[in-house]
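Following: one structure in structure tokens, then a few remarks.
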Amino acid sequence: MNKLNFYWPLLTALLFYSLFSFLWGSTGLNALQEMESRKAVLEKNLSELSSINEQLNEDLLSLSSDPERIAVQSRNLGYIQSNEKMLFANLSSLGSSQLDVGKILHLESMDRENGNLVKVITLLIFLTGQSFSILMNRKKRPAV
């Protein structure tokens with residue numbers, strides 16, 4: 001019977017620690033939801049980058065094979081042919097042709113707490129249970 005009194009606080013502490021780890025631990029359900037949402041953000045960014053990549057490849061193919069497109073793009077950058085003259089009326093629109101190359105995702109790090117607080121709480125639960133068990137055993141003993 002005395003050994004059994006030791007196991008109840010231990011089992012309670014173990015149950016608390018297991019439940020906390022399963023729900024809020026570094027590999028628990030909460031972490032799984034965070035990773036799923038991060039995965040969705042990364043997949044969305046990947047699809048955006050894929051469409052931008054397709055557009056840039058089309059532009060590259062067009063610029064490498066179409067002389068008229070090369071001339072128009074060169075004029076947008078400020079280049080002219082030797083027999084042409086350029087009149088600058090509005091200098092602010094000169095560099096208006098900007099390529100969309102995507103954006104950098106700044107994801108928050110998923111550093112998790114190391115669980116020291118949970119371990120301390122678990123130890124306190126065990127010690128409290130042990131203390132109650134010892135106190136209950138003292139009350140049950142007959143006085144000699």
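Scheme for the structure tokens: letters A, B, ... for chains in order shown; per-chain residue numbers from 1; ligand numbers from 1 in order shown.
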Identify, on the basis of only C-alpha atoms, every residue whose closest approach to Leu127 in chain A does not exceed 10 Å; exclude the query and any residue fewer than 6 positions from it along the same chain; express the result as an NGL selection string. :A and (9-10 or 13 or 121 or 133)
Best match for closeness to Glu43 in chain A among A:Asn116, A:Phe132, A:Ser74, A:Leu105, counting only C-alpha atoms: A:Leu105
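Of the listed residues A:Met136, A:Leu123, A:Val41, A:Ile104, the one whose atoms come nearest to Phe16 in chain A is A:Leu123, with distances taken using only C-alpha atoms.
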